[in-house]
>>> print(open('query_22.cif').read())   # mmCIF, C-alpha atoms
data_protein
#
loop_
_atom_site.group_PDB
_atom_site.id
_atom_site.type_symbol
_atom_site.label_atom_id
_atom_site.label_comp_id
_atom_site.auth_asym_id
_atom_site.auth_seq_id
_atom_site.Cartn_x
_atom_site.Cartn_y
_atom_site.Cartn_z
ATOM 1 C CA MET A 104 65.371 54.811 79.104
ATOM 2 C CA GLU A 105 67.142 54.266 75.813
ATOM 3 C CA LEU A 106 64.505 51.741 74.540
ATOM 4 C CA PRO A 107 61.277 52.723 76.356
ATOM 5 C CA GLN A 108 59.039 50.894 73.860
ATOM 6 C CA ILE A 109 60.427 47.428 74.701
ATOM 7 C CA GLY A 110 58.507 45.121 77.010
ATOM 8 C CA LYS A 111 54.961 44.832 78.339
ATOM 9 C CA HIS A 112 53.327 43.404 81.443
ATOM 10 C CA CYS A 113 51.485 40.101 81.190
ATOM 11 C CA GLN A 114 47.709 40.760 81.263
ATOM 12 C CA LEU A 115 46.963 37.693 83.338
ATOM 13 C CA ASP A 116 45.732 39.014 86.703
ATOM 14 C CA THR A 117 47.736 36.466 88.673
ATOM 15 C CA CYS A 118 50.998 37.175 86.790
ATOM 16 C CA LYS A 119 51.612 40.796 85.649
ATOM 17 C CA THR A 120 55.233 39.902 84.818
ATOM 18 C CA LEU A 121 57.209 42.378 82.674
ATOM 19 C CA ASP A 122 58.283 40.485 79.564
ATOM 20 C CA PHE A 123 60.673 42.066 77.050
ATOM 21 C CA LEU A 124 59.388 39.744 74.301
ATOM 22 C CA PRO A 125 55.637 39.613 75.006
ATOM 23 C CA VAL A 126 53.298 37.425 72.920
ATOM 24 C CA ALA A 127 49.929 38.667 71.626
ATOM 25 C CA CYS A 128 47.127 36.121 71.693
ATOM 26 C CA PRO A 129 45.579 35.885 68.182
ATOM 27 C CA LEU A 130 42.149 35.140 69.685
ATOM 28 C CA CYS A 131 41.551 37.625 72.478
ATOM 29 C CA GLN A 132 44.281 40.062 71.336
ATOM 30 C CA GLY A 133 45.671 40.190 74.880
ATOM 31 C CA THR A 134 49.388 40.464 75.634
ATOM 32 C CA PHE A 135 51.007 37.750 77.735
ATOM 33 C CA CYS A 136 54.406 36.543 78.885
ATOM 34 C CA ALA A 137 56.052 33.455 77.410
ATOM 35 C CA LYS A 138 54.667 31.256 80.199
ATOM 36 C CA HIS A 139 51.032 32.272 79.519
ATOM 37 C CA ARG A 140 51.156 32.828 75.765
ATOM 38 C CA LEU A 141 48.924 29.837 74.813
ATOM 39 C CA PRO A 142 45.104 30.216 74.966
ATOM 40 C CA LEU A 143 44.686 27.471 77.556
ATOM 41 C CA ASP A 144 47.468 28.975 79.735
ATOM 42 C CA HIS A 145 45.700 32.281 80.201
ATOM 43 C CA THR A 146 42.087 30.965 80.039
ATOM 44 C CA CYS A 147 41.443 32.709 76.735
ATOM 45 C CA SER A 148 37.894 34.180 76.604
ATOM 46 C CA GLN A 149 37.616 33.499 72.858
ATOM 47 C CA TRP A 150 38.810 29.907 72.881
ATOM 48 C CA SER A 151 35.346 28.368 73.229
ATOM 49 C CA SER A 152 33.930 30.370 70.302
ATOM 50 C CA ILE A 153 36.736 29.383 67.932
ATOM 51 C CA ASP A 154 36.301 26.596 65.432
ATOM 52 C CA ARG A 155 37.727 23.370 66.795
ATOM 53 C CA GLN A 156 39.579 22.921 63.514
ATOM 54 C CA LEU A 157 42.396 25.023 65.015
ATOM 55 C CA ILE A 158 45.631 23.279 65.874
ATOM 56 C CA GLN A 159 48.873 24.647 67.267
ATOM 57 C CA CYS A 160 52.205 24.214 65.495
ATOM 58 C CA ASP A 161 54.833 22.732 67.769
ATOM 59 C CA VAL A 162 57.586 24.506 65.764
ATOM 60 C CA CYS A 163 56.464 28.144 65.564
ATOM 61 C CA GLN A 164 53.785 27.943 68.299
ATOM 62 C CA HIS A 165 51.226 29.652 65.999
ATOM 63 C CA LEU A 166 47.636 28.503 65.591
ATOM 64 C CA ILE A 167 46.917 26.746 62.275
ATOM 65 C CA ARG A 168 43.635 26.626 60.363
ATOM 66 C CA ALA A 169 43.108 25.424 56.795
ATOM 67 C CA PRO A 170 40.842 27.492 54.507
ATOM 68 C CA GLU A 171 37.227 26.380 54.308
ATOM 69 C CA THR A 172 37.697 25.683 50.598
ATOM 70 C CA GLU A 173 40.105 22.916 51.498
ATOM 71 C CA ASN A 174 38.452 19.915 53.052
ATOM 72 C CA SER A 175 41.438 18.690 55.040
ATOM 73 C CA SER A 176 41.932 17.562 58.596
ATOM 74 C CA PRO A 177 43.774 19.697 61.132
ATOM 75 C CA GLU A 178 46.667 17.183 61.096
ATOM 76 C CA ALA A 179 47.000 17.433 57.310
ATOM 77 C CA SER A 180 46.915 21.232 57.507
ATOM 78 C CA LEU A 181 49.672 21.135 60.111
ATOM 79 C CA GLU A 182 51.893 19.014 57.845
ATOM 80 C CA LYS A 183 51.437 21.447 54.938
ATOM 81 C CA HIS A 184 52.161 24.317 57.299
ATOM 82 C CA LYS A 185 55.473 22.781 58.387
ATOM 83 C CA GLU A 186 56.420 22.002 54.789
ATOM 84 C CA SER A 187 55.937 25.698 53.926
ATOM 85 C CA LYS A 188 58.415 26.605 56.687
ATOM 86 C CA CYS A 189 55.584 27.771 58.955
ATOM 87 C CA LYS A 190 54.098 30.271 56.495
ATOM 88 C CA LEU A 191 50.774 28.645 55.397
ATOM 89 C CA TYR A 192 47.454 28.511 57.247
ATOM 90 C CA LEU A 193 48.383 30.942 60.031
ATOM 91 C CA TYR A 194 45.440 31.994 62.188
ATOM 92 C CA PRO A 195 44.663 34.781 62.215
ATOM 93 C CA ALA A 196 46.236 35.656 58.871
ATOM 94 C CA ASN A 197 49.365 37.767 59.280
ATOM 95 C CA ASP A 198 48.375 40.939 57.439
ATOM 96 C CA THR A 199 50.839 43.108 59.310
ATOM 97 C CA PRO A 200 52.964 45.035 56.821
ATOM 98 C CA LYS A 201 56.683 44.355 56.851
ATOM 99 C CA MET A 202 58.758 46.758 58.942
ATOM 100 C CA ASN A 203 61.185 48.972 57.142
ATOM 101 C CA ARG A 204 64.532 47.709 58.479
ATOM 102 C CA ALA A 205 66.575 50.446 56.805
ATOM 103 C CA CYS A 206 68.763 52.353 59.241
ATOM 104 C CA ALA A 207 69.498 56.064 58.689
ATOM 105 C CA ILE A 208 73.095 55.043 57.976
ATOM 106 C CA LYS A 209 73.410 54.521 54.225
ATOM 107 C CA GLY A 210 73.521 50.833 53.302
ATOM 108 C CA CYS A 211 72.527 49.560 56.764
ATOM 109 C CA LYS A 212 69.332 47.494 57.102
ATOM 110 C CA ASP A 213 69.883 45.995 60.543
ATOM 111 C CA ILE A 214 66.870 47.339 62.452
ATOM 112 C CA ASP A 215 65.593 44.421 64.529
ATOM 113 C CA PRO A 216 61.844 43.924 63.867
ATOM 114 C CA ARG A 217 61.373 42.612 67.400
ATOM 115 C CA VAL A 218 62.918 45.742 68.923
ATOM 116 C CA GLY A 219 62.176 48.385 66.339
ATOM 117 C CA PRO A 220 64.174 51.476 65.468
ATOM 118 C CA VAL A 221 65.954 53.628 68.030
ATOM 119 C CA HIS A 222 65.135 57.304 67.584
ATOM 120 C CA CYS A 223 67.927 59.852 68.087
ATOM 121 C CA ASP A 224 66.681 63.169 69.486
ATOM 122 C CA GLY A 225 69.883 64.933 68.411
ATOM 123 C CA CYS A 226 69.370 64.518 64.665
ATOM 124 C CA ASP A 227 65.725 63.286 64.655
ATOM 125 C CA GLN A 228 66.475 60.048 62.766
ATOM 126 C CA ASP A 229 65.934 56.323 63.374
ATOM 127 C CA PHE A 230 68.829 53.876 63.735
ATOM 128 C CA CYS A 231 69.530 50.226 64.421
ATOM 129 C CA LEU A 232 71.005 49.112 67.726
ATOM 130 C CA ARG A 233 74.561 49.199 66.336
ATOM 131 C CA HIS A 234 74.296 52.826 65.204
ATOM 132 C CA ARG A 235 72.074 54.181 67.991
ATOM 133 C CA HIS A 236 74.793 56.130 69.839
ATOM 134 C CA PRO A 237 75.494 59.694 68.571
ATOM 135 C CA ALA A 238 79.190 58.900 68.061
ATOM 136 C CA SER A 239 78.301 55.860 65.923
ATOM 137 C CA HIS A 240 76.334 57.855 63.346
ATOM 138 C CA VAL A 241 78.293 61.157 63.618
ATOM 139 C CA CYS A 242 75.286 62.962 65.025
ATOM 140 C CA LYS A 243 75.113 66.656 64.204
ATOM 141 C CA SER A 244 74.374 67.291 67.891
ATOM 142 C CA LEU A 245 77.980 66.351 68.707
ATOM 143 C CA ILE A 246 79.319 69.040 66.356
ATOM 144 C CA GLU A 247 76.937 71.586 67.842
ATOM 145 C CA ASP A 248 78.047 70.614 71.362
ATOM 146 C CA GLU A 249 81.703 71.136 70.433
ATOM 147 C CA GLN A 250 80.901 74.535 68.939
ATOM 148 C CA ARG A 251 79.035 75.547 72.104
ATOM 149 C CA LYS A 252 81.940 74.398 74.304
ATOM 150 C CA MET A 253 84.444 76.367 72.208
ATOM 151 C CA LYS A 254 82.252 79.477 72.369
ATOM 152 C CA ARG A 255 81.944 79.194 76.168
ATOM 153 C CA LYS A 256 85.719 78.806 76.433
ATOM 154 C CA ILE A 257 86.391 81.896 74.321
ATOM 155 C CA ASP A 258 83.803 83.930 76.252
ATOM 156 C CA ALA A 259 85.358 82.858 79.572
ATOM 157 C CA GLN A 260 88.857 83.815 78.386
ATOM 158 C CA GLU A 261 87.644 87.237 77.261
ATOM 159 C CA LYS A 262 85.902 87.808 80.582
ATOM 160 C CA LEU A 263 89.016 86.842 82.518
ATOM 161 C CA ALA A 264 91.138 89.147 80.375
ATOM 162 C CA LYS A 265 88.807 92.064 81.186
ATOM 163 C CA THR A 266 88.508 91.257 84.893
ATOM 164 C CA PHE A 267 92.124 90.557 85.759
ATOM 165 C CA THR A 268 94.919 92.798 84.536
ATOM 166 C CA THR A 269 98.172 91.058 83.732
ATOM 167 C CA THR A 270 100.873 91.805 86.258
ATOM 168 C CA THR A 271 104.491 91.818 85.200
ATOM 169 C CA THR A 272 106.637 89.757 87.504
ATOM 170 C CA THR A 273 109.986 91.227 88.359
ATOM 171 C CA GLU A 274 112.839 88.807 88.595
ATOM 172 C CA PRO A 275 114.559 88.741 91.971
ATOM 173 C CA LYS A 276 117.874 90.519 92.034
ATOM 174 C CA LYS A 277 120.851 88.245 91.914
ATOM 175 C CA THR A 278 123.350 88.449 94.744
ATOM 176 C CA LYS A 279 126.934 87.404 95.152
ATOM 177 C CA LEU A 280 129.588 87.542 97.843
ATOM 178 C CA LYS A 281 131.279 90.885 98.206
ATOM 179 C CA THR A 282 134.737 90.678 96.710
ATOM 180 C CA VAL A 283 137.883 91.224 98.743
ATOM 181 C CA PRO A 284 140.777 93.083 97.110
ATOM 182 C CA VAL A 285 143.886 90.967 96.466
ATOM 183 C CA LYS A 286 147.339 91.897 97.642
ATOM 184 C CA THR A 287 149.167 90.917 94.453
ATOM 185 C CA LYS A 288 150.516 93.874 92.527
ATOM 186 C CA ASN A 289 151.972 92.401 89.354
ATOM 187 C CA GLY A 290 152.530 88.746 90.200
ATOM 188 C CA GLY A 291 156.124 88.857 88.961
ATOM 189 C CA MET A 292 159.314 87.247 90.223
ATOM 190 C CA VAL A 293 160.334 90.414 92.032
ATOM 191 C CA GLU A 294 157.202 90.368 94.171
ATOM 192 C CA LEU A 295 157.656 86.645 94.890
ATOM 193 C CA MET A 296 161.283 87.141 95.983
ATOM 194 C CA LYS A 297 160.242 90.002 98.223
ATOM 195 C CA MET A 298 157.437 87.871 99.710
ATOM 196 C CA LYS A 299 159.813 84.965 100.406
ATOM 197 C CA SER A 300 161.914 87.252 102.568
ATOM 198 C CA GLN A 301 158.885 88.330 104.636
ATOM 199 C CA ALA A 302 156.630 85.276 104.726
ATOM 200 C CA LYS A 303 156.109 83.262 107.879
ATOM 201 C CA GLY A 304 155.557 79.528 108.145
ATOM 202 C CA SER A 305 156.816 76.239 109.524
ATOM 203 C CA SER A 306 160.523 75.670 109.029
ATOM 204 C CA SER A 307 159.825 71.956 108.601
ATOM 205 C CA VAL A 308 158.334 72.605 105.144
ATOM 206 C CA PRO A 309 160.990 72.021 102.451
ATOM 207 C CA VAL A 310 161.884 75.090 100.409
ATOM 208 C CA THR A 311 160.960 73.316 97.173
ATOM 209 C CA SER A 312 157.480 72.457 98.550
ATOM 210 C CA ARG A 313 156.581 75.916 99.788
ATOM 211 C CA MET A 314 153.661 77.902 98.359
ATOM 212 C CA TYR A 315 153.476 81.580 99.243
ATOM 213 C CA LEU A 316 150.036 83.094 99.849
ATOM 214 C CA TYR A 317 148.505 86.325 101.078
ATOM 215 C CA VAL A 318 146.199 85.476 103.985
ATOM 216 C CA GLN A 319 143.365 87.768 105.120
ATOM 217 C CA CYS A 320 142.029 87.035 108.584
ATOM 218 C CA PRO A 321 138.339 87.213 109.580
ATOM 219 C CA LYS A 322 136.768 90.493 110.636
ATOM 220 C CA ALA A 323 136.591 89.207 114.210
ATOM 221 C CA SER A 324 140.379 88.877 114.266
ATOM 222 C CA SER A 325 142.540 91.805 115.322
ATOM 223 C CA LEU A 326 145.315 90.727 112.955
ATOM 224 C CA GLU A 327 145.906 92.259 109.558
ATOM 225 C CA SER A 328 146.738 90.493 106.334
ATOM 226 C CA GLN A 329 149.861 88.379 106.411
ATOM 227 C CA SER A 330 152.245 86.692 104.014
ATOM 228 C CA VAL A 331 152.450 82.967 104.820
ATOM 229 C CA TYR A 332 153.866 79.873 103.119
ATOM 230 C CA PHE A 333 152.428 76.358 103.328
ATOM 231 C CA ASP A 334 153.315 72.921 102.040
ATOM 232 C CA LYS A 335 151.760 72.759 98.559
ATOM 233 C CA LYS A 336 151.136 69.027 99.062
ATOM 234 C CA SER A 337 148.887 69.687 102.067
ATOM 235 C CA SER A 338 145.085 69.584 101.880
ATOM 236 C CA VAL A 339 143.015 72.749 101.955
ATOM 237 C CA GLY A 340 141.407 71.595 105.217
ATOM 238 C CA ARG A 341 144.783 71.329 106.925
ATOM 239 C CA VAL A 342 145.808 74.767 105.618
ATOM 240 C CA LEU A 343 142.502 76.205 106.944
ATOM 241 C CA ASP A 344 143.319 74.902 110.430
ATOM 242 C CA SER A 345 146.779 76.462 110.230
ATOM 243 C CA ILE A 346 145.404 79.834 109.124
ATOM 244 C CA ALA A 347 142.866 79.747 111.979
ATOM 245 C CA ASP A 348 145.769 79.314 114.422
ATOM 246 C CA ILE A 349 147.712 82.137 112.753
ATOM 247 C CA CYS A 350 144.701 84.474 112.917
ATOM 248 C CA LYS A 351 143.960 83.326 116.497
ATOM 249 C CA VAL A 352 140.374 82.362 115.603
ATOM 250 C CA ASN A 353 138.395 79.752 117.508
ATOM 251 C CA ASN A 354 137.953 76.827 115.092
ATOM 252 C CA LYS A 355 135.049 74.424 115.850
ATOM 253 C CA ASN A 356 134.517 73.043 112.344
ATOM 254 C CA ASN A 357 134.793 69.470 113.585
ATOM 255 C CA THR A 358 131.651 69.937 115.729
ATOM 256 C CA LEU A 359 129.576 72.211 113.455
ATOM 257 C CA SER A 360 127.135 71.225 110.699
ATOM 258 C CA PRO A 361 127.961 72.169 107.078
ATOM 259 C CA THR A 362 125.273 74.900 107.118
ATOM 260 C CA ASP A 363 126.147 76.408 110.508
ATOM 261 C CA PRO A 364 126.854 80.172 110.152
ATOM 262 C CA GLU A 365 129.789 79.840 112.602
ATOM 263 C CA ARG A 366 131.574 77.384 110.326
ATOM 264 C CA LEU A 367 134.898 78.626 108.935
ATOM 265 C CA GLU A 368 135.497 78.551 105.189
ATOM 266 C CA LEU A 369 138.515 79.391 103.046
ATOM 267 C CA TYR A 370 137.694 81.639 100.075
ATOM 268 C CA LYS A 371 139.826 82.285 97.022
ATOM 269 C CA CYS A 372 139.994 85.993 96.163
ATOM 270 C CA PRO A 373 138.801 87.841 94.216
ATOM 271 C CA GLU A 374 136.481 85.112 92.870
ATOM 272 C CA MET A 375 135.164 84.439 96.389
ATOM 273 C CA THR A 376 134.802 80.714 95.688
ATOM 274 C CA ILE A 377 134.893 78.293 98.615
ATOM 275 C CA LEU A 378 137.845 75.940 98.417
ATOM 276 C CA ASN A 379 137.103 72.254 98.826
ATOM 277 C CA LYS A 380 138.760 71.059 102.026
ATOM 278 C CA SER A 381 139.717 67.730 100.530
ATOM 279 C CA SER A 382 141.558 69.329 97.585
ATOM 280 C CA ILE A 383 145.365 69.531 97.447
ATOM 281 C CA LEU A 384 146.647 73.074 97.777
ATOM 282 C CA GLU A 385 148.693 73.136 94.556
ATOM 283 C CA ASP A 386 145.624 71.958 92.570
ATOM 284 C CA VAL A 387 143.497 74.982 93.499
ATOM 285 C CA LEU A 388 146.004 77.773 94.271
ATOM 286 C CA LYS A 389 149.358 79.138 93.089
ATOM 287 C CA ASN A 390 152.032 81.441 94.476
ATOM 288 C CA LEU A 391 150.954 85.019 95.312
ATOM 289 C CA ASP A 392 147.235 84.100 95.450
ATOM 290 C CA THR A 393 145.082 85.725 98.138
ATOM 291 C CA VAL A 394 142.849 83.658 100.430
ATOM 292 C CA LEU A 395 140.286 84.830 102.987
ATOM 293 C CA LEU A 396 139.339 82.970 106.148
ATOM 294 C CA GLU A 397 135.809 83.878 107.266
ATOM 295 C CA ARG A 398 132.718 82.406 108.908
ATOM 296 C CA GLN A 399 129.789 81.565 106.636
ATOM 297 C CA GLY A 400 127.377 83.848 108.496
ATOM 298 C CA SER A 401 129.730 86.823 108.274
ATOM 299 C CA MET A 402 130.007 86.957 104.493
ATOM 300 C CA VAL A 403 128.471 90.115 102.986
ATOM 301 C CA LEU A 404 126.204 89.805 99.919
ATOM 302 C CA GLU A 405 126.033 92.496 97.236
ATOM 303 C CA GLU A 406 123.650 92.894 94.272
ATOM 304 C CA GLU A 407 124.965 92.201 90.815
#
>>> encode(input="query_22.cif", output="structure tokens")
Amino acid sequence: MELPQIGKHCQLDTCKTLDFLPVACPLCQGTFCAKHRLPLDHTCSQWSSIDRQLIQCDVCQHLIRAPETENSSPEASLEKHKESKCKLYLYPANDTPKMNRACAIKGCKDIDPRVGPVHCDGCDQDFCLRHRHPASHVCKSLIEDEQRKMKRKIDAQEKLAKTFTTTTTTEPKKTKLKTVPVKTKNGGMVELMKMKSQAKGSSSVPVTSRMYLYVQCPKASSLESQSVYFDKKSSVGRVLDSIADICKVNNKNNTLSPTDPERLELYKCPEMTILNKSSILEDVLKNLDTVLLERQGSMVLEEE
């Protein structure tokens, strides 16, 4: 308990109540609860032997008795007692020395005389209720605890460093799609004119709207690379369908999930970037570019 000295049991055999503010009988010196504090309430053994000049103050509840040198009635003694703010004629005389109310904190004198000081085992000093906690009076035990914790932490770190050797983690090797060589030689007008004479495509595409590309078919196709022209205003998805027909490849993109390895994709070479099917052809490609049609699961990865 934090305050083990507080409270006593009433000494009346029929009560024995624990009272945190017990009252000591000035006659028999017994300790009683508030209910049995008066001599008649606990059948005081010394009451009959006490001078009948005693009277009880109804303000402070103490017994009052005038000195024998003063020939005054109990009632008159009680009046003088009250006028002295309950300090005169106390019986028995209060010879108990005053408690030192000074707290160990400099300038604090708040120790409650009814409770007494609270002793701190950490620094072996006495404090009032307000400064009883170690954190309230900056107890030296707190500093020692922190130093012990830091020492344990350092010791644990040193032990771990000796027990477990540090392992160097190797970063995983980066991979990329294996590049496909392009067919363009110099990209000049001569090559374009030559390609126009050889390229295949739909005659319905206007000459001014034609874009000439080198098309590489999938590995599963028996056809070699071909020169083909498309309408540059068409979408990449529509061009992919046309290339699949040219390469005679079974195209089931409309029934396959985006991550299915059998899904066909159109790659721009040599960057090997997948072309967005919703993009317009002239926005992502130009004349003499090389494109590869291949299934996702068939693309070969190489280390960088």
>>> atom_distance(input="query_22.cif", atom1="atom CA of A:Glu249", atom2="atom CA of A:Val221")
23.7 Å
>>> residues_around(input="query_22.cif", residues="A:Leu378", least_positions_apart="6", cutoff="12 Å", atoms="only C-alpha atoms", output="list in words")
Ser338, Val339, Gly340, Arg341, Val342, Leu343, Leu367, Glu368, Leu369, Tyr370, Lys371, Cys372, Leu384, Glu385, Asp386, Val387, Leu388, Val394, Leu395 and Leu396 of chain A
>>> closest_residue(input="query_22.cif", among="A:Ser312, A:Gln399, A:Thr120, A:Gln149", to="A:Leu359", atoms="only C-alpha atoms")
A:Gln399
>>> closest_residue(input="query_22.cif", among="A:Gly210, A:Leu263, A:His240, A:Leu166", to="A:His222", atoms="only C-alpha atoms")
A:His240
>>> atom_distance(input="query_22.cif", atom1="atom CA of A:Ser307", atom2="atom CA of A:Ser337")
12.9 Å
>>> closest_residue(input="query_22.cif", among="A:Asp258, A:Asp248, A:Asp213, A:Glu182", to="A:Leu232", atoms="only C-alpha atoms")
A:Asp213
>>> resolve_selection(input="query_22.cif", expression="the PyMOL selection byres ((chain A and resi 241) around 12)", output="PyMOL selection string")
chain A and resi 207-208+223+225-226+228+230+234-240+242-247
>>> atom_distance(input="query_22.cif", atom1="atom CA of A:Lys299", atom2="atom CA of A:Asn379")
26.1 Å
>>> residues_around(input="query_22.cif", residues="A:Cys206", least_positions_apart="6", cutoff="8 Å", atoms="only C-alpha atoms", output="short mmCIF file (atom, residue, chain, number, x, y, z; two decimals) with C-alpha atoms, keeping the file's coordinate frame")
data_model
loop_
_atom_site.label_atom_id
_atom_site.label_comp_id
_atom_site.auth_asym_id
_atom_site.auth_seq_id
_atom_site.Cartn_x
_atom_site.Cartn_y
_atom_site.Cartn_z
CA LYS A 212 69.33 47.49 57.10
CA ASP A 213 69.88 46.00 60.54
CA ILE A 214 66.87 47.34 62.45
CA PRO A 220 64.17 51.48 65.47
CA ASP A 229 65.93 56.32 63.37
CA PHE A 230 68.83 53.88 63.74
CA CYS A 231 69.53 50.23 64.42
#
>>> resolve_selection(input="query_22.cif", expression="the PyMOL selection byres ((chain A and resi 366) around 6)", output="short mmCIF file (atom, residue, chain, number, x, y, z; two decimals) with C-alpha atoms, keeping the file's coordinate frame")
data_model
loop_
_atom_site.label_atom_id
_atom_site.label_comp_id
_atom_site.auth_asym_id
_atom_site.auth_seq_id
_atom_site.Cartn_x
_atom_site.Cartn_y
_atom_site.Cartn_z
CA ASN A 356 134.52 73.04 112.34
CA ASP A 363 126.15 76.41 110.51
CA PRO A 364 126.85 80.17 110.15
CA GLU A 365 129.79 79.84 112.60
CA LEU A 367 134.90 78.63 108.94
CA ARG A 398 132.72 82.41 108.91
CA GLN A 399 129.79 81.56 106.64
#
>>> resolve_selection(input="query_22.cif", expression="the PyMOL selection byres ((chain A and resi 181) around 9)", output="MDAnalysis selection string")
chainID A and resid 158:160 167:169 176:180 182:186 189 191:192
>>> write_last_selection(input="query_22.cif", atoms="C-alpha atoms", output="tab-separated table (two decimals), in the coordinates of the input")
chain	number	residue	atom	x	y	z
A	158	ILE	CA	45.63	23.28	65.87
A	159	GLN	CA	48.87	24.65	67.27
A	160	CYS	CA	52.20	24.21	65.50
A	167	ILE	CA	46.92	26.75	62.28
A	168	ARG	CA	43.64	26.63	60.36
A	169	ALA	CA	43.11	25.42	56.80
A	176	SER	CA	41.93	17.56	58.60
A	177	PRO	CA	43.77	19.70	61.13
A	178	GLU	CA	46.67	17.18	61.10
A	179	ALA	CA	47.00	17.43	57.31
A	180	SER	CA	46.92	21.23	57.51
A	182	GLU	CA	51.89	19.01	57.84
A	183	LYS	CA	51.44	21.45	54.94
A	184	HIS	CA	52.16	24.32	57.30
A	185	LYS	CA	55.47	22.78	58.39
A	186	GLU	CA	56.42	22.00	54.79
A	189	CYS	CA	55.58	27.77	58.96
A	191	LEU	CA	50.77	28.64	55.40
A	192	TYR	CA	47.45	28.51	57.25
>>> closest_residue(input="query_22.cif", among="A:His145, A:Leu157, A:Asp334, A:Gly219", to="A:Tyr194", atoms="only C-alpha atoms")
A:Leu157
